[in-house]
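K.L.:
Structure incoming, see below.
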Amino acid sequence: MRRRVRVASVNADDPLLEPVPYASGATTIWNDSWRHIYDHFGHAILAYARQRGLNDHSAEDVLQEVMTTVIRSQHGQEAAYDRGAGSFQAWLWGVIRNRVRSVRRKDRREDALSPVKTTGADGETRMQLPELPQAPPDFEGREEDQWQRALLAAALRKVQERVTGENYAIYTALLEEKATVGELGRLHGKEPNAIHAVKHRCEKILMSELRAIRRAWEGRAK
Amino acid sequence: MPSDNLARRLEFVAELLAGAGPLPKEPLLLWRETGQSTRHAVIGHELAVGRNTGQRGLTLAEDKGLSRRHFLIRHAAGSCVLEDLKSHNGTAINHPQQRVQQHVLRDGDLILAGSHVFVFLDHGRQR
């Protein structure tokens, strides 16, 4: 699997990316805007945080902190995205990376404090990712690569939501090259044509979701 | 998958911030009074919250669900740590069932104590 989600330049005319000054009264726009980012990137931010070594609980802390920063910036409480200062995705990417580092630091501090017993169930399961090209050796490049993988994981999750469990298992087995079409056909009692059909259907959904994520990342979706 | 609980919490934070006005950059608590006005309190070195906390705390005398000194937030190792002060009704983080005795607060955490829901906000610039 050699596809990568390309990070293209932002559409500077997108009204969603307009910094909204405090007290303009445009609460609906603000709320829509953070929901827009949450809906499109929530899964990817969680996946990225896990790839950076955080557990499910801490990954959700990262998502919470990123979204709180986004909400605060939309309400003029924090340096908001500024079109003149750079692209929207660069700003958001910086927030995500900073918050991952911040939560990792806090986790280490928390370990030094007495453990806290809390109740509450977490049914989160981790997505197994297909292999992607090796990341460049530099640190920034490695983070960028992990973010790309996180975006792919988010798109794969959408595929999982839209096909049967059996079809998703077939597709991921093909992606990870764990089995051939013939082997999967025998395993699942299906003709090779049916396995190909599953592959093409999942591929179509995956590409559609990747396009949607790319559009959102460029600030054009909605 | 991001939890529904998180989305609802973020909606609550967005609603509160929409009515908050300019806020200081320091770690603070934000909450809505019964009259729907939004208030905030800067945590400073430490902040005790309860029905009767004395001069240096945040006193919310009308909330009968709060103990006299219900919880305390203090700085520890670069983070803000909440401690429940053996309150009668307990203190929860983000969900009523998540009762805590001690908790390292995260930006955007909800603190549930008495009939109040506080939002903890921390820009994190001091780190």
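As shown in the structure tokens, the chain order sets the letters A, B, ...; within each chain, residues go from 1, and ligands are also counted from 1 in the order they appear.
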Please provide the set of residues having any atom within 8 Å of Ile111 (chain B), restricted to only C-alpha atoms, with same-chain residues fewer than 4 positions apart removed, written as an MDAnalysis selection string.
P.N.:
chainID B and resid 91:94 117:120
K.L.:
Keeping N, CA and C atoms for every residue in the selection just given, could you write it to a file as a CSV table (one decimal), in the first residue's frame?
P.N.:
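File result-v3.csv, as written:
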```csv
chain,number,residue,atom,x,y,z
B,91,THR,N,-16.5,14.4,44.2
B,91,THR,CA,-16.1,15.2,43.0
B,91,THR,C,-15.9,14.3,41.9
B,92,ALA,N,-16.4,14.6,40.7
B,92,ALA,CA,-16.3,13.8,39.5
B,92,ALA,C,-15.6,14.6,38.4
B,93,ILE,N,-14.9,13.9,37.5
B,93,ILE,CA,-14.3,14.5,36.4
B,93,ILE,C,-15.0,14.0,35.1
B,94,ASN,N,-15.6,14.9,34.3
B,94,ASN,CA,-16.1,14.6,33.0
B,94,ASN,C,-17.4,13.7,32.9
B,117,VAL,N,-21.1,22.6,37.4
B,117,VAL,CA,-20.2,22.0,36.5
B,117,VAL,C,-19.2,23.0,36.1
B,118,PHE,N,-17.9,22.8,36.4
B,118,PHE,CA,-16.9,23.8,36.2
B,118,PHE,C,-16.1,23.3,34.9
B,119,VAL,N,-15.7,24.2,34.1
B,119,VAL,CA,-14.7,23.8,33.0
B,119,VAL,C,-13.3,24.3,33.5
B,120,PHE,N,-12.4,23.4,33.4
B,120,PHE,CA,-11.0,23.8,33.7
B,120,PHE,C,-10.3,24.1,32.4
```
K.L.:
Please check the contacts: residues of chain B at most 7 Å away from chain A, using only C-alpha atoms, listed as a VMD selection string.
P.N.:
chain B and resid 1 to 2 14 17 to 18 22 to 23 77 97 to 104 107 to 108
K.L.:
Pick the closest to Leu156 (chain A) from A:Gln89, A:Val100, A:Glu143, A:Thr172: which is it, counting only C-alpha atoms?
P.N.:
A:Thr172
K.L.:
For the strand (DSSP E) assignment from backbone DSSP, which residues of region 63-122 of chain B qualify? Please present them as a count of residues only.
P.N.:
30
K.L.:
Within 9 Å of region 193-202 of chain A, counting only C-alpha atoms, which residues show up once you throw out same-chain ones fewer than 2 positions away? Write them as a list in words, please.
P.N.:
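These residues fall inside the cut-off: Leu156, Val159, Gln160, Arg162, Val163, Asn167, Tyr168, Ile170, Tyr171, Leu174, Val181, Gly182, Leu184, Gly185, Lys190, Glu191, Lys204, Ile205, Leu206 and Met207 of chain A.
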K.L.:
Next, write the just-selected residues to a file, as a PDB file, in the first residue's frame, keeping C-alpha atoms as the atom set.
P.N.:
```
ATOM      1  CA  LEU A 156     -10.201   2.705   7.065  1.00  0.00           C
ATOM      2  CA  VAL A 159     -14.739   1.590   5.499  1.00  0.00           C
ATOM      3  CA  GLN A 160     -15.241  -0.684   8.496  1.00  0.00           C
ATOM      4  CA  ARG A 162     -19.873   0.727   5.914  1.00  0.00           C
ATOM      5  CA  VAL A 163     -19.194  -2.926   5.099  1.00  0.00           C
ATOM      6  CA  ASN A 167     -15.884  -8.100   4.024  1.00  0.00           C
ATOM      7  CA  TYR A 168     -13.741  -5.794   6.109  1.00  0.00           C
ATOM      8  CA  ILE A 170     -11.198  -9.832   3.644  1.00  0.00           C
ATOM      9  CA  TYR A 171     -10.159  -6.339   2.605  1.00  0.00           C
ATOM     10  CA  LEU A 174      -5.603  -8.237   1.151  1.00  0.00           C
ATOM     11  CA  VAL A 181      -7.544 -13.897  -3.358  1.00  0.00           C
ATOM     12  CA  GLY A 182      -7.651 -17.679  -3.787  1.00  0.00           C
ATOM     13  CA  LEU A 184      -9.453 -15.897   1.040  1.00  0.00           C
ATOM     14  CA  GLY A 185     -12.022 -17.396  -1.330  1.00  0.00           C
ATOM     15  CA  LYS A 190     -16.556 -17.385  -1.919  1.00  0.00           C
ATOM     16  CA  GLU A 191     -15.643 -17.350  -5.602  1.00  0.00           C
ATOM     17  CA  LYS A 204     -13.903   2.727  -3.608  1.00  0.00           C
ATOM     18  CA  ILE A 205     -15.111   3.646  -0.130  1.00  0.00           C
ATOM     19  CA  LEU A 206     -11.538   4.117   1.098  1.00  0.00           C
ATOM     20  CA  MET A 207     -10.657   6.443  -1.765  1.00  0.00           C
TER      21      MET A 207
END
```
